[in-house]
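Shown next: target-v4.txt, given as compact mmCIF, N, CA and C atoms and all ligand atoms.
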# COMPACT_ATOMS: atom_id res chain seq x y z
N MET L 1 -14.09 -10.82 45.93
CA MET L 1 -13.98 -12.28 46.02
C MET L 1 -13.02 -12.78 44.94
N ILE L 2 -12.09 -13.65 45.31
CA ILE L 2 -11.20 -14.21 44.31
C ILE L 2 -11.95 -15.24 43.48
N PRO L 3 -11.53 -15.45 42.22
CA PRO L 3 -12.23 -16.43 41.38
C PRO L 3 -12.08 -17.85 41.94
N LEU L 4 -13.21 -18.56 41.97
CA LEU L 4 -13.25 -19.94 42.46
C LEU L 4 -13.80 -20.85 41.38
N ASP L 5 -13.42 -22.13 41.44
CA ASP L 5 -14.02 -23.08 40.51
C ASP L 5 -15.27 -23.69 41.12
N GLU L 6 -15.83 -24.70 40.45
CA GLU L 6 -17.11 -25.27 40.91
C GLU L 6 -16.98 -25.99 42.25
N LEU L 7 -15.75 -26.32 42.66
CA LEU L 7 -15.53 -26.95 43.97
C LEU L 7 -15.05 -25.93 45.00
N LEU L 8 -15.18 -24.66 44.63
CA LEU L 8 -14.81 -23.53 45.50
C LEU L 8 -13.30 -23.47 45.78
N ARG L 9 -12.53 -23.97 44.84
CA ARG L 9 -11.07 -23.87 44.96
C ARG L 9 -10.62 -22.61 44.23
N PRO L 10 -9.62 -21.90 44.76
CA PRO L 10 -9.10 -20.73 44.04
C PRO L 10 -8.54 -21.16 42.68
N THR L 11 -9.02 -20.52 41.63
CA THR L 11 -8.59 -20.95 40.29
C THR L 11 -7.11 -20.65 40.04
N TRP L 12 -6.54 -19.66 40.73
CA TRP L 12 -5.12 -19.39 40.51
C TRP L 12 -4.25 -20.54 41.01
N LEU L 13 -4.79 -21.32 41.95
CA LEU L 13 -4.04 -22.47 42.46
C LEU L 13 -4.41 -23.77 41.75
N PHE L 14 -5.69 -23.90 41.37
CA PHE L 14 -6.18 -25.19 40.88
C PHE L 14 -6.70 -25.14 39.45
N GLY L 15 -6.44 -24.07 38.75
CA GLY L 15 -6.98 -23.92 37.40
C GLY L 15 -6.21 -24.67 36.33
N GLN L 16 -4.99 -25.11 36.64
CA GLN L 16 -4.19 -25.84 35.66
C GLN L 16 -3.76 -27.17 36.25
N THR L 17 -3.34 -28.06 35.37
CA THR L 17 -2.86 -29.35 35.87
C THR L 17 -1.37 -29.26 36.22
N VAL L 18 -0.93 -30.19 37.02
CA VAL L 18 0.51 -30.31 37.33
C VAL L 18 1.30 -30.43 36.04
N HIS L 19 0.77 -31.22 35.15
CA HIS L 19 1.42 -31.49 33.87
C HIS L 19 1.67 -30.21 33.08
N GLU L 20 0.70 -29.29 33.12
CA GLU L 20 0.82 -28.06 32.34
C GLU L 20 1.92 -27.14 32.86
N GLY L 21 2.37 -27.37 34.10
CA GLY L 21 3.43 -26.54 34.63
C GLY L 21 4.68 -27.32 34.97
N CYS L 22 4.78 -28.53 34.44
CA CYS L 22 5.90 -29.40 34.84
C CYS L 22 7.14 -29.17 33.98
N ASP L 23 8.27 -29.16 34.63
CA ASP L 23 9.54 -29.01 33.90
C ASP L 23 9.77 -30.18 32.95
N ARG L 24 9.11 -31.31 33.20
CA ARG L 24 9.32 -32.51 32.38
C ARG L 24 8.30 -32.63 31.24
N GLY L 25 7.48 -31.61 31.06
CA GLY L 25 6.46 -31.67 30.04
C GLY L 25 7.02 -31.91 28.63
N GLY L 26 8.17 -31.33 28.35
CA GLY L 26 8.79 -31.53 27.05
C GLY L 26 9.23 -32.97 26.85
N ARG L 27 9.63 -33.60 27.94
CA ARG L 27 10.03 -35.02 27.87
C ARG L 27 8.82 -35.89 27.54
N TYR L 28 7.70 -35.57 28.17
CA TYR L 28 6.47 -36.31 27.88
C TYR L 28 6.11 -36.15 26.41
N GLU L 29 6.15 -34.92 25.94
CA GLU L 29 5.75 -34.64 24.56
C GLU L 29 6.64 -35.38 23.57
N GLN L 30 7.90 -35.62 23.94
CA GLN L 30 8.82 -36.33 23.05
C GLN L 30 8.89 -37.82 23.39
N ALA L 31 7.95 -38.28 24.20
CA ALA L 31 7.86 -39.71 24.55
C ALA L 31 9.14 -40.22 25.21
N GLU L 32 9.70 -39.41 26.08
CA GLU L 32 10.89 -39.84 26.83
C GLU L 32 10.44 -40.17 28.25
N PHE L 33 10.18 -41.44 28.49
CA PHE L 33 9.61 -41.88 29.76
C PHE L 33 10.63 -42.66 30.58
N ALA L 34 10.75 -42.29 31.84
CA ALA L 34 11.69 -42.96 32.74
C ALA L 34 11.15 -44.33 33.14
N ASP L 35 12.04 -45.28 33.31
CA ASP L 35 11.63 -46.58 33.86
C ASP L 35 12.31 -46.85 35.19
N GLU L 36 13.03 -45.83 35.71
CA GLU L 36 13.60 -45.97 37.04
C GLU L 36 13.72 -44.59 37.68
N TYR L 37 13.74 -44.55 38.99
CA TYR L 37 13.84 -43.29 39.71
C TYR L 37 15.23 -42.68 39.53
N GLY L 38 15.30 -41.36 39.66
CA GLY L 38 16.57 -40.67 39.51
C GLY L 38 16.81 -40.21 38.09
N SER L 39 15.88 -40.48 37.21
CA SER L 39 16.02 -40.09 35.81
C SER L 39 15.45 -38.69 35.60
N PRO L 40 15.98 -37.93 34.66
CA PRO L 40 15.40 -36.61 34.35
C PRO L 40 14.20 -36.70 33.41
N LEU L 41 13.84 -37.89 32.97
CA LEU L 41 12.75 -38.05 32.01
C LEU L 41 11.39 -37.98 32.71
N CYS L 42 10.35 -37.97 31.92
CA CYS L 42 8.98 -37.94 32.46
C CYS L 42 8.72 -39.22 33.27
N ILE L 43 8.10 -39.05 34.42
CA ILE L 43 7.91 -40.19 35.33
C ILE L 43 6.47 -40.70 35.37
N VAL L 44 5.76 -40.50 34.28
CA VAL L 44 4.36 -40.95 34.25
C VAL L 44 4.26 -42.46 34.42
N LYS L 45 5.20 -43.21 33.89
CA LYS L 45 5.14 -44.66 34.01
C LYS L 45 5.55 -45.13 35.41
N LEU L 46 6.04 -44.20 36.21
CA LEU L 46 6.38 -44.53 37.60
C LEU L 46 5.27 -44.07 38.55
N GLY L 47 4.13 -43.71 37.97
CA GLY L 47 2.98 -43.40 38.82
C GLY L 47 2.58 -41.95 38.89
N CYS L 48 3.05 -41.12 37.98
CA CYS L 48 2.69 -39.69 38.03
C CYS L 48 1.30 -39.45 37.46
N TRP L 49 0.47 -38.81 38.26
CA TRP L 49 -0.90 -38.48 37.86
C TRP L 49 -0.99 -37.03 37.38
N GLY L 50 0.12 -36.37 37.19
CA GLY L 50 0.15 -34.95 36.84
C GLY L 50 -0.74 -34.52 35.69
N PRO L 51 -0.90 -35.33 34.64
CA PRO L 51 -1.73 -34.87 33.52
C PRO L 51 -3.19 -34.60 33.89
N VAL L 52 -3.68 -35.18 34.99
CA VAL L 52 -5.09 -34.95 35.34
C VAL L 52 -5.27 -34.29 36.71
N VAL L 53 -4.20 -34.05 37.41
CA VAL L 53 -4.32 -33.45 38.75
C VAL L 53 -4.25 -31.93 38.65
N GLN L 54 -5.25 -31.27 39.23
CA GLN L 54 -5.31 -29.81 39.18
C GLN L 54 -4.56 -29.22 40.37
N CYS L 55 -3.39 -28.68 40.09
CA CYS L 55 -2.53 -28.11 41.12
C CYS L 55 -1.37 -27.43 40.38
N ASN L 56 -0.98 -26.25 40.85
CA ASN L 56 0.09 -25.55 40.13
C ASN L 56 1.42 -25.56 40.88
N VAL L 57 1.62 -26.57 41.72
CA VAL L 57 2.85 -26.60 42.51
C VAL L 57 4.11 -26.66 41.63
N GLY L 58 3.96 -27.22 40.46
CA GLY L 58 5.12 -27.27 39.56
C GLY L 58 5.59 -25.89 39.17
N LYS L 59 4.66 -24.98 38.99
CA LYS L 59 5.03 -23.61 38.63
C LYS L 59 5.40 -22.79 39.86
N ARG L 60 4.69 -23.03 40.95
CA ARG L 60 4.87 -22.25 42.18
C ARG L 60 6.07 -22.71 42.98
N GLY L 61 6.34 -24.02 42.92
CA GLY L 61 7.36 -24.60 43.79
C GLY L 61 6.80 -24.75 45.20
N TRP L 62 7.58 -25.37 46.05
CA TRP L 62 7.14 -25.53 47.44
C TRP L 62 7.44 -24.27 48.25
N MET L 63 8.61 -23.69 47.98
CA MET L 63 9.03 -22.53 48.76
C MET L 63 9.95 -21.68 47.89
N ASN L 64 9.59 -20.41 47.75
CA ASN L 64 10.38 -19.50 46.93
C ASN L 64 10.63 -20.05 45.51
N GLY L 65 9.66 -20.74 45.00
CA GLY L 65 9.76 -21.24 43.63
C GLY L 65 10.58 -22.50 43.49
N VAL L 66 11.10 -23.01 44.59
CA VAL L 66 11.93 -24.21 44.54
C VAL L 66 11.06 -25.45 44.76
N GLY L 67 11.26 -26.45 43.95
CA GLY L 67 10.58 -27.73 44.14
C GLY L 67 9.35 -27.87 43.25
N GLY L 68 8.41 -28.68 43.72
CA GLY L 68 7.29 -29.13 42.89
C GLY L 68 7.55 -30.60 42.64
N CYS L 69 6.61 -31.44 43.09
CA CYS L 69 6.88 -32.89 43.17
C CYS L 69 7.51 -33.47 41.91
N ALA L 70 6.80 -33.36 40.79
CA ALA L 70 7.31 -33.99 39.57
C ALA L 70 8.60 -33.32 39.08
N ASN L 71 8.73 -32.02 39.33
CA ASN L 71 9.95 -31.32 38.89
C ASN L 71 11.20 -31.92 39.50
N VAL L 72 11.07 -32.43 40.72
CA VAL L 72 12.25 -32.96 41.40
C VAL L 72 12.25 -34.49 41.44
N GLY L 73 11.41 -35.10 40.60
CA GLY L 73 11.48 -36.56 40.47
C GLY L 73 10.49 -37.34 41.28
N GLY L 74 9.55 -36.66 41.95
CA GLY L 74 8.54 -37.36 42.74
C GLY L 74 7.23 -37.43 41.97
N PRO L 75 6.73 -38.62 41.67
CA PRO L 75 5.47 -38.71 40.93
C PRO L 75 4.34 -37.99 41.67
N CYS L 76 3.54 -37.25 40.92
CA CYS L 76 2.36 -36.60 41.50
C CYS L 76 1.37 -37.69 41.90
N ILE L 77 0.96 -37.69 43.17
CA ILE L 77 0.01 -38.71 43.64
C ILE L 77 -1.36 -38.11 43.92
N GLY L 78 -1.59 -36.91 43.45
CA GLY L 78 -2.93 -36.33 43.52
C GLY L 78 -3.35 -35.82 44.87
N CYS L 79 -2.41 -35.42 45.71
CA CYS L 79 -2.76 -35.06 47.10
C CYS L 79 -3.63 -33.82 47.20
N ALA L 80 -3.72 -33.03 46.11
CA ALA L 80 -4.55 -31.83 46.15
C ALA L 80 -5.95 -32.08 45.63
N MET L 81 -6.26 -33.32 45.27
CA MET L 81 -7.55 -33.61 44.63
C MET L 81 -8.56 -34.15 45.63
N PRO L 82 -9.86 -33.91 45.38
CA PRO L 82 -10.90 -34.38 46.30
C PRO L 82 -10.90 -35.90 46.49
N GLY L 83 -10.52 -36.65 45.48
CA GLY L 83 -10.56 -38.11 45.57
C GLY L 83 -9.36 -38.74 46.23
N PHE L 84 -8.43 -37.90 46.70
CA PHE L 84 -7.21 -38.42 47.33
C PHE L 84 -7.53 -38.97 48.72
N PRO L 85 -6.96 -40.08 49.14
CA PRO L 85 -5.99 -40.91 48.43
C PRO L 85 -6.60 -42.06 47.64
N ASP L 86 -7.86 -42.41 47.95
CA ASP L 86 -8.43 -43.65 47.42
C ASP L 86 -8.34 -43.77 45.91
N LYS L 87 -8.67 -42.67 45.20
CA LYS L 87 -8.73 -42.75 43.75
C LYS L 87 -7.35 -42.82 43.10
N PHE L 88 -6.32 -42.60 43.87
CA PHE L 88 -4.97 -42.55 43.29
C PHE L 88 -4.09 -43.72 43.73
N MET L 89 -4.69 -44.65 44.42
CA MET L 89 -3.92 -45.80 44.90
C MET L 89 -4.08 -46.99 43.96
N PRO L 90 -3.11 -47.91 43.90
CA PRO L 90 -1.86 -47.88 44.66
C PRO L 90 -0.89 -46.84 44.10
N PHE L 91 -0.25 -46.11 45.00
CA PHE L 91 0.73 -45.12 44.59
C PHE L 91 1.89 -45.81 43.87
N MET L 92 2.53 -45.05 43.01
CA MET L 92 3.72 -45.48 42.28
C MET L 92 3.43 -46.50 41.18
N ASP L 93 2.14 -46.83 40.96
CA ASP L 93 1.79 -47.66 39.81
C ASP L 93 1.41 -46.73 38.66
N GLU L 94 1.68 -47.14 37.44
CA GLU L 94 1.31 -46.32 36.30
C GLU L 94 -0.21 -46.12 36.30
N PRO L 95 -0.68 -44.86 36.21
CA PRO L 95 -2.12 -44.64 36.18
C PRO L 95 -2.75 -45.38 35.00
N PRO L 96 -3.94 -45.93 35.18
CA PRO L 96 -4.57 -46.72 34.11
C PRO L 96 -4.65 -45.97 32.78
N GLY L 97 -5.04 -44.70 32.84
CA GLY L 97 -5.18 -43.94 31.60
C GLY L 97 -3.85 -43.65 30.92
N ALA L 98 -2.77 -43.74 31.68
CA ALA L 98 -1.45 -43.40 31.11
C ALA L 98 -1.01 -44.44 30.09
N LYS L 99 -1.48 -45.66 30.23
CA LYS L 99 -1.07 -46.70 29.26
C LYS L 99 -1.51 -46.29 27.85
N LEU L 100 -2.73 -45.83 27.74
CA LEU L 100 -3.26 -45.43 26.44
C LEU L 100 -2.59 -44.14 25.97
N SER L 101 -2.51 -43.15 26.85
CA SER L 101 -1.99 -41.85 26.42
C SER L 101 -0.51 -41.93 26.06
N THR L 102 0.28 -42.69 26.83
CA THR L 102 1.70 -42.77 26.48
C THR L 102 1.93 -43.58 25.21
N SER L 103 1.05 -44.54 24.93
CA SER L 103 1.16 -45.28 23.66
C SER L 103 0.88 -44.33 22.50
N ALA L 104 -0.14 -43.50 22.66
CA ALA L 104 -0.47 -42.55 21.60
C ALA L 104 0.64 -41.52 21.42
N VAL L 105 1.16 -41.01 22.54
CA VAL L 105 2.22 -40.00 22.47
C VAL L 105 3.50 -40.60 21.88
N SER L 106 3.73 -41.87 22.14
CA SER L 106 4.97 -42.49 21.65
C SER L 106 5.03 -42.50 20.12
N LEU L 107 3.89 -42.72 19.48
CA LEU L 107 3.86 -42.71 18.02
C LEU L 107 4.36 -41.37 17.48
N TYR L 108 3.81 -40.32 18.03
CA TYR L 108 4.17 -38.97 17.60
C TYR L 108 5.54 -38.55 18.14
N GLY L 109 5.74 -38.77 19.45
CA GLY L 109 6.92 -38.24 20.12
C GLY L 109 8.23 -38.82 19.60
N ASN L 110 8.26 -40.12 19.34
CA ASN L 110 9.51 -40.72 18.86
C ASN L 110 9.87 -40.20 17.47
N THR L 111 8.85 -39.99 16.64
CA THR L 111 9.10 -39.46 15.30
C THR L 111 9.59 -38.02 15.38
N VAL L 112 8.87 -37.21 16.14
CA VAL L 112 9.22 -35.80 16.23
C VAL L 112 10.60 -35.62 16.87
N ARG L 113 10.90 -36.43 17.88
CA ARG L 113 12.21 -36.33 18.54
C ARG L 113 13.33 -36.62 17.56
N ALA L 114 13.14 -37.64 16.71
CA ALA L 114 14.17 -37.97 15.72
C ALA L 114 14.34 -36.82 14.72
N LEU L 115 13.23 -36.26 14.26
CA LEU L 115 13.31 -35.15 13.30
C LEU L 115 13.96 -33.93 13.95
N ARG L 116 13.61 -33.67 15.20
CA ARG L 116 14.22 -32.54 15.90
C ARG L 116 15.73 -32.74 16.05
N GLY L 117 16.13 -33.99 16.19
CA GLY L 117 17.57 -34.28 16.31
C GLY L 117 18.32 -33.82 15.07
N PHE L 118 17.73 -34.08 13.89
CA PHE L 118 18.38 -33.63 12.64
C PHE L 118 18.46 -32.11 12.60
N THR L 119 17.34 -31.45 12.91
CA THR L 119 17.32 -29.99 12.86
C THR L 119 18.27 -29.40 13.89
N GLN L 120 18.28 -30.00 15.07
CA GLN L 120 19.14 -29.49 16.13
C GLN L 120 20.61 -29.59 15.74
N ALA L 121 20.98 -30.70 15.12
CA ALA L 121 22.37 -30.87 14.69
C ALA L 121 22.73 -29.81 13.66
N SER L 122 21.79 -29.52 12.78
CA SER L 122 22.02 -28.50 11.76
C SER L 122 22.12 -27.11 12.38
N MET L 123 21.25 -26.81 13.32
CA MET L 123 21.23 -25.48 13.94
C MET L 123 22.43 -25.27 14.87
N ASN L 124 23.08 -26.34 15.26
CA ASN L 124 24.25 -26.21 16.13
C ASN L 124 25.53 -25.94 15.36
N ARG L 125 25.42 -25.75 14.06
CA ARG L 125 26.60 -25.43 13.24
C ARG L 125 26.50 -23.99 12.75
N GLU L 126 27.62 -23.32 12.65
CA GLU L 126 27.64 -21.97 12.10
C GLU L 126 27.25 -22.03 10.63
N PRO L 127 26.57 -21.00 10.11
CA PRO L 127 26.26 -20.98 8.68
C PRO L 127 27.57 -20.98 7.87
N VAL L 128 27.48 -21.56 6.70
CA VAL L 128 28.67 -21.66 5.84
C VAL L 128 29.25 -20.29 5.55
N TRP L 129 28.37 -19.30 5.34
CA TRP L 129 28.87 -17.97 4.95
C TRP L 129 29.68 -17.29 6.05
N ARG L 130 29.60 -17.81 7.30
CA ARG L 130 30.40 -17.21 8.38
C ARG L 130 31.79 -17.82 8.46
N SER L 131 32.02 -18.85 7.66
CA SER L 131 33.33 -19.48 7.71
C SER L 131 34.40 -18.53 7.16
N PRO L 132 35.51 -18.44 7.82
CA PRO L 132 36.58 -17.56 7.31
C PRO L 132 37.11 -18.04 5.97
N ASP L 133 36.79 -19.29 5.61
CA ASP L 133 37.31 -19.82 4.35
C ASP L 133 36.43 -19.48 3.15
N VAL L 134 35.19 -18.94 3.42
CA VAL L 134 34.28 -18.66 2.31
C VAL L 134 34.88 -17.56 1.44
N GLY L 135 34.84 -17.76 0.15
CA GLY L 135 35.34 -16.76 -0.78
C GLY L 135 36.80 -16.96 -1.14
N LEU L 136 37.47 -17.88 -0.45
CA LEU L 136 38.87 -18.12 -0.79
C LEU L 136 38.96 -19.05 -1.99
N ALA L 137 39.89 -18.83 -2.81
CA ALA L 137 40.15 -19.74 -3.91
C ALA L 137 40.65 -21.05 -3.31
N PRO L 138 40.36 -22.19 -3.98
CA PRO L 138 40.82 -23.47 -3.44
C PRO L 138 42.29 -23.48 -3.08
N SER L 139 43.09 -22.76 -3.84
CA SER L 139 44.52 -22.75 -3.54
C SER L 139 44.83 -21.94 -2.28
N GLU L 140 43.85 -21.04 -1.87
CA GLU L 140 44.08 -20.20 -0.70
C GLU L 140 43.54 -20.85 0.58
N ALA L 141 42.65 -21.82 0.43
CA ALA L 141 42.04 -22.44 1.60
C ALA L 141 43.10 -23.23 2.38
N PRO L 142 42.95 -23.21 3.72
CA PRO L 142 43.95 -23.92 4.54
C PRO L 142 43.85 -25.44 4.37
S1 LIG U 201 6.41 -36.01 35.27
FE1 LIG U 201 4.15 -36.09 35.49
S2 LIG U 201 3.49 -33.96 35.40
FE2 LIG U 201 5.60 -34.03 34.63
S3 LIG U 201 5.41 -34.26 32.40
FE3 LIG U 201 5.53 -36.33 33.22
S4 LIG U 201 3.39 -36.94 33.55
FE4 LIG U 201 3.40 -34.72 33.31
This entry written out as structure tokens:
Amino acid sequence: MIPLDELLRPTWLFGQTVHEGCDRGGRYEQAEFADEYGSPLCIVKLGCWGPVVQCNVGKRGWMNGVGGCANVGGPCIGCAMPGFPDKFMPFMDEPPGAKLSTSAVSLYGNTVRALRGFTQASMNREPVWRSPDVGLAPSEAP
């Protein structure tokens, strides 16, 4: 028998949330939230329920690993959940709990994103010791 959860769903399919397998998870963590469709940012404010919906389509894709609603810009509307559709309507509205969670994440995410920007800029430069000019006398430097 394959492992099942308390609702008799296969745990390999329903053991994680959409959010945990979403390509946009890093955007959420850095408080980068989209306010319009077509954006590569996290779409939680456009109605994505991924943080609480148990479904691994983001990791599995729809076919041959391609797709997954939130990965391609479609807010997760909870279609794999027992309470669908009633508990997830109206679709495309920000989930009630997201207002609190995104406010909390914004405090942390905006700070961390700014700090990462400094580190990233530094890491994108070659170390000084690799410069061909290192060790040259000032008169020899180009
Ligand atoms: S798009 Fe949805 S599932 Fe993906 S990171 Fe944002 S809230 Fe989570």
### Query
If you count only N, CA and C atoms and all ligand atoms, which residues end up within 6.5 Å of ligand LIG 201 (chain U), as JSON, numbers by chain?
{"L": [18, 19, 20, 22, 23, 24, 25, 26, 27, 28, 41, 42, 43, 44, 48, 49, 50, 51, 70, 71, 75, 76]}
Would you save the residues of that selection, restricted to N, CA and C atoms, as a short mmCIF file (atom, residue, chain, number, x, y, z; two decimals), in the frame of the given file?
data_model
loop_
_atom_site.label_atom_id
_atom_site.label_comp_id
_atom_site.auth_asym_id
_atom_site.auth_seq_id
_atom_site.Cartn_x
_atom_site.Cartn_y
_atom_site.Cartn_z
N VAL L 18 -0.93 -30.19 37.02
CA VAL L 18 0.51 -30.31 37.33
C VAL L 18 1.30 -30.43 36.04
N HIS L 19 0.77 -31.22 35.15
CA HIS L 19 1.42 -31.49 33.87
C HIS L 19 1.67 -30.21 33.08
N GLU L 20 0.70 -29.29 33.12
CA GLU L 20 0.82 -28.06 32.34
C GLU L 20 1.92 -27.14 32.86
N CYS L 22 4.78 -28.53 34.44
CA CYS L 22 5.90 -29.40 34.84
C CYS L 22 7.14 -29.17 33.98
N ASP L 23 8.27 -29.16 34.63
CA ASP L 23 9.54 -29.01 33.90
C ASP L 23 9.77 -30.18 32.95
N ARG L 24 9.11 -31.31 33.20
CA ARG L 24 9.32 -32.51 32.38
C ARG L 24 8.30 -32.63 31.24
N GLY L 25 7.48 -31.61 31.06
CA GLY L 25 6.46 -31.67 30.04
C GLY L 25 7.02 -31.91 28.63
N GLY L 26 8.17 -31.33 28.35
CA GLY L 26 8.79 -31.53 27.05
C GLY L 26 9.23 -32.97 26.85
N ARG L 27 9.63 -33.60 27.94
CA ARG L 27 10.03 -35.02 27.87
C ARG L 27 8.82 -35.89 27.54
N TYR L 28 7.70 -35.57 28.17
CA TYR L 28 6.47 -36.31 27.88
C TYR L 28 6.11 -36.15 26.41
N LEU L 41 13.84 -37.89 32.97
CA LEU L 41 12.75 -38.05 32.01
C LEU L 41 11.39 -37.98 32.71
N CYS L 42 10.35 -37.97 31.92
CA CYS L 42 8.98 -37.94 32.46
C CYS L 42 8.72 -39.22 33.27
N ILE L 43 8.10 -39.05 34.42
CA ILE L 43 7.91 -40.19 35.33
C ILE L 43 6.47 -40.70 35.37
N VAL L 44 5.76 -40.50 34.28
CA VAL L 44 4.36 -40.95 34.25
C VAL L 44 4.26 -42.46 34.42
N CYS L 48 3.05 -41.12 37.98
CA CYS L 48 2.69 -39.69 38.03
C CYS L 48 1.30 -39.45 37.46
N TRP L 49 0.47 -38.81 38.26
CA TRP L 49 -0.90 -38.48 37.86
C TRP L 49 -0.99 -37.03 37.38
N GLY L 50 0.12 -36.37 37.19
CA GLY L 50 0.15 -34.95 36.84
C GLY L 50 -0.74 -34.52 35.69
N PRO L 51 -0.90 -35.33 34.64
CA PRO L 51 -1.73 -34.87 33.52
C PRO L 51 -3.19 -34.60 33.89
N ALA L 70 6.80 -33.36 40.79
CA ALA L 70 7.31 -33.99 39.57
C ALA L 70 8.60 -33.32 39.08
N ASN L 71 8.73 -32.02 39.33
CA ASN L 71 9.95 -31.32 38.89
C ASN L 71 11.20 -31.92 39.50
N PRO L 75 6.73 -38.62 41.67
CA PRO L 75 5.47 -38.71 40.93
C PRO L 75 4.34 -37.99 41.67
N CYS L 76 3.54 -37.25 40.92
CA CYS L 76 2.36 -36.60 41.50
C CYS L 76 1.37 -37.69 41.90
#
### Message
DSSP on the backbone: which residues in range 13-68 of chain L end up as helix (DSSP H, G or I)? Give the answer as a PyMOL selection string.
### Response
chain L and resi 13-14+19-21+25-29+44-46+57-60
### Query
Closest to Asp35 in chain L among L:Ile77, L:Ala104, L:Leu8, L:Met92, using only C-alpha atoms?
L:Met92
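The gap separating atom C of Ser139 in chain L from atom C of Glu126 in chain L is 21.8 Å, in Å to one decimal.
Using all atoms listed in the file, the protein and nucleic acid residues lying no more than 6.5 Å from Glu94 in chain L, apart from those fewer than 3 places from it along its own chain, are Val44, Lys45, Leu46, Gly47, Cys48, Gly97, Ala98 and Lys99 of chain L.
Each of L:Ser39, L:Asn56, L:Gln30, L:Asn124 was compared to Trp12 in chain L using all atoms listed in the file, and L:Asn56 turns out to be the nearest.
Nearest to Val53 in chain L of all the residues L:Pro10, L:Pro96, L:Gly117, L:Gly78 is L:Gly78, counting only N, CA and C atoms.
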